[in-house]
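A short write-up of the structure that comes next.
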Amino acid sequence: MSSYAYFHKQFVPLSEAKIGAMTNSLHYGTAVFEGIRGNWNSEQQQIYLFRLKEHYARLHNGCQVLKIDLPYTIDELCQITIELVRKCGFQEDIYIRPLSYKSSEAMGVRLHNLEDDFLILVIPWGRYLDVDKAKCGVSSWRCPKEVPRAKLTGLYINNALAKTEAIENGFDEAIMLTTDGYIAEGSGENIFLIINGKLVTPASYNSILMGITRDTTIKLAKNELGIETIERPVERTELYNADECFLTGTAANITPVAEIDRRKIGNGEIGEITRKLQQLYSEVIRGNSSKYLNWCTAVYYK
Ligand SMILES: Cc1ncc(COP(=O)(O)O)c(C=O)c1O
């Protein structure tokens with residue numbers, strides 16, 4: 001079992017996937033990426049890839065924004081990913097990172113007259129926020145106003161600044177505000193509050209990435225718990241007064257938030273609705289829920 005990459009249209013050991021120092025996207029952030037989870041189901045000895053097509057649809061959107069030619073359909077990308085993960089043979093939770101990038105070894109800030117390339121790599125990866133309940137701090141770094149519905153590498157600078165600021169201040173994760181002071185999201189997650197039995201989350205126009213886990217959470221809350229989600233601007237002080245709070249993301253799954261800016265959320269323990277959603281989500285992504293099996297792609301032959 002070892003990490004492989006799909007690189008220059010071939011499957012190679014990850015250690016052999018190298019790019020040159022002059023690569024345009026390394027200097028100017030001209031790349032689009034995705035983060036996809038493979039979730040290990042030990043009883044079934046199977047890895048399930050979660051919402052694979054949706055991730056590749058978002059990658060295609062990003063390529064369109066950055067004028068990157070991605071010469072594969074969504075179905076082809078899914079097929080390559082399945083083959084790659086099979087080749088790695090991992091028997092644990094994994095993380096898959098596709099990257100479409102301006103590959104020319106050429107200086108100059110632009111998108112045109114540059115060649116494009118594409119790679120995928122796979123690594124074993126357990127919990128992203130390695131805590132049962134996170135302590136968060138509102139960041140002094142804000143989210144950029146225009147956030148396309150895709151993960152563009154250059155857009156992650158403020159997120160990196162915010163994350164390190166949060167860790168240095170003794171928190172587990174940063175919560176970033178929009179330029180006009182509303183809550184946007186974590187450095188790598190969307191955020192939900194529970195207020196009076198309803199889910200509340202920042203809206204698409206609040207400088208957020210439209211997360212696939214966010215969408216999954218909204219659907220599971222509605223279908224399985226009968227709980228509606230209100231998508232609207234959220235004020236900073238609403239965080240402090242919420243009954244429950246949690247973060248959602250492909251890497252972080254559903255992570256409860258116990259504390260924000262050194263104020264306990266609720267009683268500082270994992271809330272009841274949060275726990276239910278966490279349990280549901282964990283069953284769904286591991287292929288244990290027949291109702292949502294269409295979101296899961298099995299990797300290994302049985
Ligand atoms: C900034 C940001 N917001 C939100 C998310 C959650 O998105 P998703 O649930 O699609 O992983 C991510 C994770 O990739 C992210 O990087």
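Each chain in the structure tokens gets a letter, A, B and so on, in the order shown; residues start at 1 in every chain, and ligands are counted from 1 in the order they appear.
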
Let me see if you get this right: every residue at most 8 Å from ligand 1, counting only C-alpha atoms and all ligand atoms, written as number ranges by chain. A: 34-36, 55, 151, 156, 159, 185-190, 208-215, 248-251, 253

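With only C-alpha atoms as the basis for measurement, A:Ser103 is the residue among A:Ser42, A:Ser103, A:Gln79, A:Asn206 that approaches A:Thr30 most closely.
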
Selection: 9 Å around stretch 223-225 of chain A, only C-alpha atoms, excl. self and same-chain fewer than 2 positions, as JSON, numbers by chain: {"A": [218, 219, 220, 221, 227, 228, 273, 276, 277, 280]}

Check the DSSP output for the backbone and give back, as a count of residues only, the residues of stretch 55-265 of chain A in strand (DSSP E or B). 68
